[in-house]
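Chemist: Sending over start.cif (mmCIF, C-alpha atoms).
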```cif
data_coords
loop_
_atom_site.group_PDB
_atom_site.id
_atom_site.type_symbol
_atom_site.label_atom_id
_atom_site.label_comp_id
_atom_site.auth_asym_id
_atom_site.auth_seq_id
_atom_site.Cartn_x
_atom_site.Cartn_y
_atom_site.Cartn_z
ATOM 1 C CA MET T 1 49.555 -6.992 -93.368
ATOM 2 C CA SER T 2 51.709 -5.452 -96.063
ATOM 3 C CA ARG T 3 52.877 -1.951 -95.135
ATOM 4 C CA THR T 4 52.846 -1.166 -98.840
ATOM 5 C CA GLN T 5 49.147 -2.107 -99.012
ATOM 6 C CA ARG T 6 48.351 0.186 -96.112
ATOM 7 C CA ARG T 7 50.371 3.085 -97.491
ATOM 8 C CA VAL T 8 48.838 2.895 -100.987
ATOM 9 C CA ILE T 9 45.286 2.682 -99.630
ATOM 10 C CA ALA T 10 45.773 5.535 -97.158
ATOM 11 C CA GLU T 11 47.176 7.832 -99.843
ATOM 12 C CA MET T 12 44.355 6.966 -102.245
ATOM 13 C CA LEU T 13 41.773 7.802 -99.579
ATOM 14 C CA ARG T 14 43.491 11.068 -98.645
ATOM 15 C CA SER T 15 43.657 12.190 -102.263
ATOM 16 C CA THR T 16 39.973 11.366 -102.743
ATOM 17 C CA GLN T 17 38.897 13.218 -99.627
ATOM 18 C CA ARG T 18 40.867 16.433 -100.159
ATOM 19 C CA ASP T 19 38.573 19.444 -100.599
ATOM 20 C CA SER T 20 35.504 17.225 -101.157
ATOM 21 C CA GLU T 21 33.454 19.031 -98.505
ATOM 22 C CA ALA T 22 33.735 22.250 -100.544
ATOM 23 C CA LEU T 23 32.077 20.726 -103.616
ATOM 24 C CA PRO T 24 28.393 20.989 -104.592
ATOM 25 C CA ILE T 25 26.393 17.938 -103.515
ATOM 26 C CA GLU T 26 25.986 16.558 -107.042
ATOM 27 C CA ARG T 27 29.731 16.773 -107.622
ATOM 28 C CA MET T 28 30.342 15.057 -104.266
ATOM 29 C CA ARG T 29 28.043 12.243 -105.369
ATOM 30 C CA GLU T 30 29.751 11.889 -108.723
ATOM 31 C CA ARG T 31 33.163 11.801 -107.088
ATOM 32 C CA PHE T 32 32.092 9.199 -104.520
ATOM 33 C CA ALA T 33 30.492 7.015 -107.197
ATOM 34 C CA ALA T 34 33.635 7.209 -109.323
ATOM 35 C CA MET T 35 35.818 6.141 -106.416
ATOM 36 C CA MET T 36 33.568 3.239 -105.453
ATOM 37 C CA SER T 37 33.323 2.030 -109.061
ATOM 38 C CA THR T 38 37.008 1.104 -108.902
ATOM 39 C CA PHE T 39 36.317 -1.722 -106.441
ATOM 40 C CA PRO T 40 35.920 -5.023 -108.338
ATOM 41 C CA VAL T 41 32.624 -6.877 -107.971
ATOM 42 C CA PRO T 42 32.933 -10.669 -107.688
ATOM 43 C CA ALA T 43 31.773 -12.416 -110.844
ATOM 44 C CA GLU T 44 30.058 -15.197 -108.892
ATOM 45 C CA VAL T 45 26.835 -13.247 -108.299
ATOM 46 C CA ARG T 46 23.691 -12.341 -110.205
ATOM 47 C CA ARG T 47 22.366 -8.779 -109.937
ATOM 48 C CA THR T 48 18.699 -8.098 -110.598
ATOM 49 C CA PRO T 49 16.893 -4.742 -110.290
ATOM 50 C CA THR T 50 13.990 -4.894 -107.874
ATOM 51 C CA ALA T 51 12.090 -2.645 -105.470
ATOM 52 C CA LEU T 52 11.096 -2.617 -101.809
ATOM 53 C CA ALA T 53 8.399 -0.367 -100.364
ATOM 54 C CA GLY T 54 8.506 1.849 -103.439
ATOM 55 C CA ARG T 55 12.275 2.307 -103.377
ATOM 56 C CA ARG T 56 14.689 1.007 -105.984
ATOM 57 C CA ALA T 57 16.845 -1.907 -104.835
ATOM 58 C CA ILE T 58 19.193 -4.533 -106.259
ATOM 59 C CA LEU T 59 18.841 -8.246 -105.532
ATOM 60 C CA VAL T 60 22.272 -9.882 -105.334
ATOM 61 C CA GLU T 61 22.309 -13.696 -105.446
ATOM 62 C CA PRO T 62 25.085 -16.272 -105.414
ATOM 63 C CA MET T 63 25.532 -18.470 -108.445
ATOM 64 C CA GLY T 64 24.043 -21.876 -107.826
ATOM 65 C CA GLU T 65 21.786 -22.750 -104.925
ATOM 66 C CA ALA T 66 21.511 -20.135 -102.191
ATOM 67 C CA LEU T 67 21.215 -20.852 -98.491
ATOM 68 C CA PRO T 68 17.978 -19.742 -96.790
ATOM 69 C CA GLY T 69 17.733 -16.155 -95.651
ATOM 70 C CA THR T 70 18.088 -12.565 -96.820
ATOM 71 C CA ILE T 71 20.649 -9.886 -95.983
ATOM 72 C CA LEU T 72 19.050 -6.444 -96.180
ATOM 73 C CA TYR T 73 22.010 -4.202 -97.024
ATOM 74 C CA PHE T 74 22.263 -0.456 -96.361
ATOM 75 C CA HIS T 75 25.008 1.392 -98.270
ATOM 76 C CA GLY T 76 27.290 4.065 -96.844
ATOM 77 C CA GLY T 77 27.836 7.674 -97.892
ATOM 78 C CA SER T 78 27.232 9.966 -94.905
ATOM 79 C CA PHE T 79 23.465 9.933 -95.604
ATOM 80 C CA VAL T 80 24.006 12.231 -98.599
ATOM 81 C CA LEU T 81 25.999 10.071 -101.035
ATOM 82 C CA GLY T 82 25.946 6.560 -102.387
ATOM 83 C CA SER T 83 23.608 3.948 -103.804
ATOM 84 C CA PRO T 84 23.357 0.166 -104.063
ATOM 85 C CA GLU T 85 25.900 0.416 -106.881
ATOM 86 C CA THR T 86 28.536 2.168 -104.764
ATOM 87 C CA ALA T 87 28.309 -0.626 -102.167
ATOM 88 C CA MET T 88 28.035 -3.443 -104.699
ATOM 89 C CA ALA T 89 31.559 -4.834 -104.270
ATOM 90 C CA LEU T 90 31.100 -5.127 -100.514
ATOM 91 C CA THR T 91 27.552 -6.509 -100.833
ATOM 92 C CA ALA T 92 28.629 -9.090 -103.390
ATOM 93 C CA ASP T 93 31.622 -10.117 -101.280
ATOM 94 C CA LEU T 94 29.223 -10.878 -98.417
ATOM 95 C CA VAL T 95 26.925 -12.823 -100.729
ATOM 96 C CA THR T 96 29.712 -14.997 -102.131
ATOM 97 C CA ARG T 97 31.009 -15.775 -98.638
ATOM 98 C CA THR T 98 27.643 -16.487 -97.021
ATOM 99 C CA ARG T 99 25.960 -18.132 -100.032
ATOM 100 C CA THR T 100 22.939 -16.048 -99.009
ATOM 101 C CA ARG T 101 21.090 -13.533 -101.149
ATOM 102 C CA ALA T 102 21.174 -9.827 -100.315
ATOM 103 C CA ILE T 103 18.929 -6.917 -101.236
ATOM 104 C CA SER T 104 20.672 -3.536 -101.295
ATOM 105 C CA LEU T 105 18.281 -0.631 -100.788
ATOM 106 C CA ASP T 106 18.411 2.774 -102.481
ATOM 107 C CA TYR T 107 17.087 4.758 -99.508
ATOM 108 C CA ARG T 108 16.445 8.491 -99.817
ATOM 109 C CA LEU T 109 19.351 10.882 -99.297
ATOM 110 C CA ALA T 110 19.779 14.292 -97.688
ATOM 111 C CA PRO T 111 19.698 17.205 -98.220
ATOM 112 C CA GLU T 112 16.655 16.533 -100.410
ATOM 113 C CA HIS T 113 15.331 14.064 -97.841
ATOM 114 C CA PRO T 114 16.846 14.684 -94.387
ATOM 115 C CA PHE T 115 16.388 12.761 -91.126
ATOM 116 C CA PRO T 116 14.431 10.529 -90.626
ATOM 117 C CA ALA T 117 13.746 9.690 -94.297
ATOM 118 C CA ALA T 118 16.534 7.101 -94.596
ATOM 119 C CA ILE T 119 15.361 5.288 -91.450
ATOM 120 C CA ASP T 120 11.756 5.380 -92.662
ATOM 121 C CA ASP T 121 12.771 3.774 -95.968
ATOM 122 C CA CYS T 122 14.841 1.053 -94.306
ATOM 123 C CA VAL T 123 12.029 0.089 -91.937
ATOM 124 C CA ALA T 124 9.428 0.157 -94.720
ATOM 125 C CA ALA T 125 11.632 -2.134 -96.828
ATOM 126 C CA TYR T 126 12.053 -4.473 -93.869
ATOM 127 C CA GLU T 127 8.283 -4.566 -93.281
ATOM 128 C CA GLU T 128 7.737 -5.559 -96.908
ATOM 129 C CA LEU T 129 10.256 -8.373 -96.533
ATOM 130 C CA LEU T 130 8.473 -9.498 -93.366
ATOM 131 C CA ASP T 131 5.181 -9.584 -95.255
ATOM 132 C CA GLY T 132 6.776 -12.050 -97.657
ATOM 133 C CA VAL T 133 8.701 -13.882 -94.980
ATOM 134 C CA SER T 134 8.255 -17.316 -96.558
ATOM 135 C CA ALA T 135 10.259 -16.104 -99.551
ATOM 136 C CA ALA T 136 12.720 -13.962 -97.605
ATOM 137 C CA GLY T 137 13.433 -16.525 -94.883
ATOM 138 C CA PRO T 138 15.337 -15.290 -91.847
ATOM 139 C CA ILE T 139 16.496 -11.686 -92.307
ATOM 140 C CA ALA T 140 19.712 -9.990 -91.182
ATOM 141 C CA PHE T 141 20.697 -6.340 -91.485
ATOM 142 C CA ALA T 142 24.133 -5.362 -92.781
ATOM 143 C CA GLY T 143 25.629 -2.030 -93.784
ATOM 144 C CA ASP T 144 28.711 0.149 -93.912
ATOM 145 C CA SER T 145 29.411 3.620 -92.499
ATOM 146 C CA ALA T 146 26.097 5.529 -92.518
ATOM 147 C CA GLY T 147 24.460 2.278 -93.577
ATOM 148 C CA GLY T 148 26.048 0.589 -90.594
ATOM 149 C CA GLY T 149 24.364 3.193 -88.440
ATOM 150 C CA LEU T 150 21.064 2.439 -90.183
ATOM 151 C CA THR T 151 21.307 -1.233 -89.182
ATOM 152 C CA VAL T 152 21.037 -0.025 -85.585
ATOM 153 C CA THR T 153 18.537 2.825 -85.944
ATOM 154 C CA ALA T 154 16.220 0.795 -88.186
ATOM 155 C CA THR T 155 16.269 -1.938 -85.550
ATOM 156 C CA LEU T 156 15.445 0.617 -82.851
ATOM 157 C CA ARG T 157 12.486 1.844 -84.903
ATOM 158 C CA ALA T 158 11.352 -1.732 -85.666
ATOM 159 C CA ARG T 159 11.529 -2.730 -81.999
ATOM 160 C CA ASP T 160 9.583 0.323 -80.874
ATOM 161 C CA ALA T 161 6.940 -0.491 -83.522
ATOM 162 C CA CYS T 162 6.694 -4.038 -82.085
ATOM 163 C CA LEU T 163 7.885 -5.617 -85.345
ATOM 164 C CA PRO T 164 9.779 -8.916 -85.290
ATOM 165 C CA LEU T 165 13.468 -8.033 -85.151
ATOM 166 C CA PRO T 166 16.123 -9.088 -87.668
ATOM 167 C CA ARG T 167 18.016 -12.239 -86.838
ATOM 168 C CA ALA T 168 21.353 -10.380 -86.655
ATOM 169 C CA ILE T 169 23.136 -7.084 -87.331
ATOM 170 C CA VAL T 170 26.503 -6.651 -89.070
ATOM 171 C CA ALA T 171 27.893 -3.106 -89.172
ATOM 172 C CA PHE T 172 31.121 -2.149 -90.920
ATOM 173 C CA SER T 173 32.650 1.070 -89.485
ATOM 174 C CA PRO T 174 29.212 2.345 -88.469
ATOM 175 C CA GLY T 175 28.400 5.986 -87.854
ATOM 176 C CA LEU T 176 26.498 5.951 -84.573
ATOM 177 C CA ASP T 177 26.817 9.411 -83.049
ATOM 178 C CA HIS T 178 25.819 12.678 -84.691
ATOM 179 C CA THR T 179 26.861 14.540 -81.543
ATOM 180 C CA ARG T 180 30.461 13.625 -82.595
ATOM 181 C CA SER T 181 31.402 13.301 -78.930
ATOM 182 C CA GLY T 182 33.598 10.217 -79.227
ATOM 183 C CA ARG T 183 37.141 10.612 -77.932
ATOM 184 C CA THR T 184 38.572 9.220 -81.177
ATOM 185 C CA MET T 185 37.109 12.151 -83.098
ATOM 186 C CA ARG T 186 40.147 13.955 -81.700
ATOM 187 C CA THR T 187 42.708 11.245 -81.015
ATOM 188 C CA LYS T 188 42.397 9.610 -84.466
ATOM 189 C CA ALA T 189 42.085 12.803 -86.511
ATOM 190 C CA GLU T 190 45.602 12.492 -87.924
ATOM 191 C CA ALA T 191 45.424 8.732 -88.421
ATOM 192 C CA ASP T 192 42.139 8.711 -90.370
ATOM 193 C CA PRO T 193 42.946 9.148 -94.093
ATOM 194 C CA PHE T 194 39.340 9.600 -95.198
ATOM 195 C CA LEU T 195 36.927 11.138 -92.668
ATOM 196 C CA THR T 196 37.416 14.554 -91.109
ATOM 197 C CA ALA T 197 35.455 16.420 -88.460
ATOM 198 C CA GLU T 198 34.915 19.265 -90.917
ATOM 199 C CA GLY T 199 33.617 17.019 -93.665
ATOM 200 C CA MET T 200 31.266 15.194 -91.309
ATOM 201 C CA ALA T 201 29.964 18.489 -89.933
ATOM 202 C CA HIS T 202 29.162 19.543 -93.503
ATOM 203 C CA THR T 203 27.275 16.382 -94.492
ATOM 204 C CA GLY T 204 25.840 15.947 -91.009
ATOM 205 C CA ALA T 205 24.144 19.329 -91.164
ATOM 206 C CA MET T 206 22.426 18.259 -94.395
ATOM 207 C CA TYR T 207 21.083 15.120 -92.733
ATOM 208 C CA LEU T 208 20.139 16.714 -89.402
ATOM 209 C CA ALA T 209 18.284 19.651 -90.984
ATOM 210 C CA GLY T 210 18.123 21.364 -87.618
ATOM 211 C CA HIS T 211 17.207 18.316 -85.499
ATOM 212 C CA ASP T 212 18.876 17.901 -82.119
ATOM 213 C CA PRO T 213 21.447 15.102 -82.561
ATOM 214 C CA ALA T 214 21.235 14.120 -78.880
ATOM 215 C CA GLN T 215 18.552 11.470 -79.381
ATOM 216 C CA PRO T 216 18.568 7.680 -79.874
ATOM 217 C CA LEU T 217 17.923 7.689 -83.627
ATOM 218 C CA LEU T 218 20.770 10.139 -84.252
ATOM 219 C CA ALA T 219 23.254 9.131 -81.558
ATOM 220 C CA PRO T 220 22.529 5.516 -80.576
ATOM 221 C CA ALA T 221 26.083 5.084 -79.260
ATOM 222 C CA VAL T 222 25.234 7.701 -76.628
ATOM 223 C CA HIS T 223 21.477 7.551 -76.081
ATOM 224 C CA ALA T 224 19.966 4.266 -77.310
ATOM 225 C CA ASP T 225 18.511 1.554 -75.093
ATOM 226 C CA LEU T 226 19.408 -1.670 -76.940
ATOM 227 C CA THR T 227 17.243 -3.975 -74.828
ATOM 228 C CA GLY T 228 15.954 -6.901 -76.873
ATOM 229 C CA PHE T 229 18.364 -6.399 -79.776
ATOM 230 C CA PRO T 230 19.521 -9.368 -81.852
ATOM 231 C CA PRO T 231 23.184 -10.469 -81.857
ATOM 232 C CA MET T 232 25.466 -7.806 -83.288
ATOM 233 C CA LEU T 233 28.862 -7.783 -84.998
ATOM 234 C CA LEU T 234 30.600 -4.400 -85.141
ATOM 235 C CA GLN T 235 33.769 -4.242 -87.254
ATOM 236 C CA VAL T 236 35.979 -1.162 -87.153
ATOM 237 C CA GLY T 237 39.609 -0.132 -87.705
ATOM 238 C CA THR T 238 41.927 1.699 -85.341
ATOM 239 C CA ASN T 239 42.658 4.417 -87.937
ATOM 240 C CA GLU T 240 39.112 5.783 -87.734
ATOM 241 C CA VAL T 241 37.700 8.855 -86.065
ATOM 242 C CA LEU T 242 34.507 6.798 -85.704
ATOM 243 C CA LEU T 243 36.246 4.049 -83.722
ATOM 244 C CA ASP T 244 34.584 5.101 -80.460
ATOM 245 C CA ASP T 245 31.130 4.929 -82.041
ATOM 246 C CA SER T 246 31.478 1.147 -82.189
ATOM 247 C CA VAL T 247 33.261 0.891 -78.848
ATOM 248 C CA ARG T 248 30.519 2.807 -77.034
ATOM 249 C CA LEU T 249 27.668 0.985 -78.791
ATOM 250 C CA ALA T 250 29.228 -2.360 -77.860
ATOM 251 C CA ALA T 251 29.297 -1.222 -74.219
ATOM 252 C CA ARG T 252 25.620 -0.262 -74.411
ATOM 253 C CA ALA T 253 24.810 -3.649 -75.934
ATOM 254 C CA ARG T 254 26.718 -5.388 -73.149
ATOM 255 C CA ASP T 255 24.839 -3.401 -70.525
ATOM 256 C CA ALA T 256 21.538 -4.368 -72.195
ATOM 257 C CA GLU T 257 22.486 -8.092 -72.092
ATOM 258 C CA VAL T 258 22.743 -8.236 -75.896
ATOM 259 C CA ASP T 259 25.155 -10.615 -77.615
ATOM 260 C CA VAL T 260 27.774 -8.397 -79.229
ATOM 261 C CA ILE T 261 31.123 -8.886 -80.928
ATOM 262 C CA LEU T 262 33.371 -5.821 -81.168
ATOM 263 C CA ASP T 263 35.882 -6.729 -83.894
ATOM 264 C CA VAL T 264 38.699 -4.144 -84.033
ATOM 265 C CA THR T 265 41.453 -4.427 -86.646
ATOM 266 C CA ALA T 266 44.672 -2.481 -86.146
ATOM 267 C CA ASP T 267 46.023 0.148 -88.537
ATOM 268 C CA VAL T 268 43.247 0.021 -91.128
ATOM 269 C CA PRO T 269 40.920 2.801 -92.372
ATOM 270 C CA HIS T 270 37.195 3.431 -92.523
ATOM 271 C CA VAL T 271 35.259 0.552 -94.173
ATOM 272 C CA PHE T 272 38.493 -1.308 -94.814
ATOM 273 C CA GLN T 273 36.426 -4.394 -95.744
ATOM 274 C CA ALA T 274 35.819 -2.772 -99.147
ATOM 275 C CA PHE T 275 39.453 -3.481 -100.021
ATOM 276 C CA ALA T 276 38.945 -7.248 -100.223
ATOM 277 C CA GLY T 277 41.405 -8.735 -102.676
ATOM 278 C CA SER T 278 44.013 -6.047 -102.076
ATOM 279 C CA LEU T 279 44.167 -5.936 -98.271
ATOM 280 C CA GLU T 280 44.590 -9.146 -96.328
ATOM 281 C CA GLU T 281 42.745 -7.820 -93.288
ATOM 282 C CA ALA T 282 39.722 -6.986 -95.432
ATOM 283 C CA ASP T 283 39.325 -10.568 -96.617
ATOM 284 C CA ALA T 284 39.810 -11.915 -93.102
ATOM 285 C CA ALA T 285 37.209 -9.512 -91.681
ATOM 286 C CA LEU T 286 34.665 -10.445 -94.347
ATOM 287 C CA ASP T 287 35.272 -14.128 -93.616
ATOM 288 C CA ARG T 288 34.471 -13.470 -89.942
ATOM 289 C CA ALA T 289 31.365 -11.469 -90.852
ATOM 290 C CA ALA T 290 30.162 -14.227 -93.177
ATOM 291 C CA LEU T 291 30.658 -16.884 -90.507
ATOM 292 C CA PHE T 292 28.676 -14.772 -88.031
ATOM 293 C CA LEU T 293 25.832 -14.272 -90.533
ATOM 294 C CA ARG T 294 25.689 -17.948 -91.495
ATOM 295 C CA GLN T 295 25.506 -18.966 -87.841
ATOM 296 C CA GLN T 296 22.797 -16.435 -86.981
ATOM 297 C CA LEU T 297 20.656 -17.061 -90.064
ATOM 298 C CA ALA T 298 20.817 -20.819 -89.446
ATOM 299 C CA SER T 299 19.838 -20.584 -85.781
ATOM 300 C CA PRO T 300 16.277 -21.601 -84.808
#
```
Show me this structure written as structure tokens.

Modeler:
Amino acid sequence: MSRTQRRVIAEMLRSTQRDSEALPIERMRERFAAMMSTFPVPAEVRRTPTALAGRRAILVEPMGEALPGTILYFHGGSFVLGSPETAMALTADLVTRTRTRAISLDYRLAPEHPFPAAIDDCVAAYEELLDGVSAAGPIAFAGDSAGGGLTVTATLRARDACLPLPRAIVAFSPGLDHTRSGRTMRTKAEADPFLTAEGMAHTGAMYLAGHDPAQPLLAPAVHADLTGFPPMLLQVGTNEVLLDDSVRLAARARDAEVDVILDVTADVPHVFQAFAGSLEEADAALDRAALFLRQQLASP
């Protein structure tokens, strides 16, 4: 990896993050959307507005014939920011590499709609896809950051509701512990150029709305029983305060006899996969994620 690439990206993230937790929520959303709009979207996809379970969504399809299956994508943004548009570059990169269509969901955000609204929306969207399973084909969940956490919590909710489970889960730098008890919350505080404990406490309080975080749907890395889960791929960088969220969830998956791949890339930041085209490790990680998804969606 180019040290220049790393240095430029880290400085860009630090400059974006500075003082953001002090801004009003609408300004935070505008600032996040502006940053994410700078990531180029591959031209080899079609984007079509759609809806799932009453929520706005975007269907992203590869040019030409698509392989069977659907990736239900959950965007990041600390449960208070973001939209299908802010995650479009990452969603489209997955689509072009897998040759599989994706639907990116505009789930409800806090503080207007705190926990568990986002999980409710993700599960409702999944149920609608299941109702049209002949069109959707095999379904996988994928997401980044807060959306990566939703791939896990939506699966927990689906399992407990006795729904058929997704074929696979792919989570990029997932947030999996609202208790913020991971060791790397402290040990990676200086290395992480984007997330801070203070910023996450600010947005986390909006999402929690007074709920105790010490429960499976808010801290699956600490409290969830993953028995029966589908195969999982967790991708994370070593320059992340959330590194231990993935490490601890992978251990819980192992203990539950779940197939799990913990894919850790050195010296890269939160959701580094978004930097495809300008960071070699991002392209390599997306290639691995696409291979995993193709294998799982093609399995009987």

Chemist: Determine, counting all atoms listed in the file, which protein, DNA and RNA residues have an atom within 9 Å of an atom of Pro213 in chain T; residues of the same chain fewer than 5 positions away are not included. Present the result as a VMD selection string.

Modeler: chain T and resid 177 to 179 208 218 to 219

Chemist: Give me a file of those residues, with C-alpha atoms, as a PDB file, in the coordinates of the input.

Modeler:
```
ATOM      1  CA  ASP T 177      26.817   9.411 -83.049  1.00  0.00           C
ATOM      2  CA  HIS T 178      25.819  12.678 -84.691  1.00  0.00           C
ATOM      3  CA  THR T 179      26.861  14.540 -81.543  1.00  0.00           C
ATOM      4  CA  LEU T 208      20.139  16.714 -89.402  1.00  0.00           C
ATOM      5  CA  LEU T 218      20.770  10.139 -84.252  1.00  0.00           C
ATOM      6  CA  ALA T 219      23.254   9.131 -81.558  1.00  0.00           C
TER       7      ALA T 219
END
```

Chemist: Can you tell me which residues surround range 37-44 of chain T at a distance of at most 7 Å, considering only C-alpha atoms, apart from same-chain residues fewer than 3 positions away, and format the answer as a VMD selection string?

Modeler: chain T and resid 33 to 34 62 to 63 86 88 to 89 92 to 93 96

Chemist: What lies within 7 Å of range 265-267 of chain T using only C-alpha atoms, ignoring chain neighbours under 4 positions off, as a ChimeraX atom specification?

Modeler: /T:236-239

Chemist: Keeping C-alpha atoms, export the residues of the selection given above as a PDB file, keeping the file's coordinate frame.

Modeler:
```pdb
ATOM      1  CA  VAL T 236      35.979  -1.162 -87.153  1.00  0.00           C
ATOM      2  CA  GLY T 237      39.609  -0.132 -87.705  1.00  0.00           C
ATOM      3  CA  THR T 238      41.927   1.699 -85.341  1.00  0.00           C
ATOM      4  CA  ASN T 239      42.658   4.417 -87.937  1.00  0.00           C
TER       5      ASN T 239
END
```

Chemist: Could you tell me how far CA of Val264 in chain T lies from CA of Ala140 in chain T, in Å and to one decimal?

Modeler: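 About the pair CA of Val264 in chain T and CA of Ala140 in chain T: they are 21.1 Å apart.
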
Chemist: Between T:Asp225, T:Asp244, T:Asp160, T:Glu280, which residue has the minimum interatomic distance to Thr187 in chain T, considering only C-alpha atoms?

Modeler: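 Nearest candidate to Thr187 in chain T out of T:Asp225, T:Asp244, T:Asp160, T:Glu280: T:Asp244.
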
Chemist: Missing atoms in range 155-167 of chain T need filling: write out N, CA and C atoms for it as a short mmCIF file (atom, residue, chain, number, x, y, z; two decimals), keeping the file's coordinate frame.

Modeler:
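Heads up, here's the output in out12.cif:
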```
data_model
loop_
_atom_site.label_atom_id
_atom_site.label_comp_id
_atom_site.auth_asym_id
_atom_site.auth_seq_id
_atom_site.Cartn_x
_atom_site.Cartn_y
_atom_site.Cartn_z
N THR T 155 16.66 -0.94 -86.54
CA THR T 155 16.27 -1.94 -85.55
C THR T 155 15.59 -1.28 -84.35
N LEU T 156 16.11 -0.13 -83.92
CA LEU T 156 15.44 0.62 -82.85
C LEU T 156 14.01 0.95 -83.24
N ARG T 157 13.82 1.46 -84.45
CA ARG T 157 12.49 1.84 -84.90
C ARG T 157 11.59 0.60 -85.01
N ALA T 158 12.14 -0.50 -85.54
CA ALA T 158 11.35 -1.73 -85.67
C ALA T 158 10.94 -2.26 -84.30
N ARG T 159 11.86 -2.25 -83.35
CA ARG T 159 11.53 -2.73 -82.00
C ARG T 159 10.44 -1.88 -81.37
N ASP T 160 10.56 -0.56 -81.49
CA ASP T 160 9.58 0.32 -80.87
C ASP T 160 8.22 0.24 -81.56
N ALA T 161 8.19 -0.26 -82.81
CA ALA T 161 6.94 -0.49 -83.52
C ALA T 161 6.41 -1.91 -83.29
N CYS T 162 7.09 -2.66 -82.43
CA CYS T 162 6.69 -4.04 -82.08
C CYS T 162 6.75 -4.98 -83.29
N LEU T 163 7.65 -4.70 -84.23
CA LEU T 163 7.88 -5.62 -85.34
C LEU T 163 8.83 -6.73 -84.90
N PRO T 164 8.74 -7.90 -85.52
CA PRO T 164 9.78 -8.92 -85.29
C PRO T 164 11.14 -8.33 -85.67
N LEU T 165 12.15 -8.62 -84.90
CA LEU T 165 13.47 -8.03 -85.15
C LEU T 165 14.28 -8.90 -86.10
N PRO T 166 15.24 -8.29 -86.81
CA PRO T 166 16.12 -9.09 -87.67
C PRO T 166 16.88 -10.12 -86.85
N ARG T 167 17.31 -11.15 -87.52
CA ARG T 167 18.02 -12.24 -86.84
C ARG T 167 19.39 -11.79 -86.33
#
```
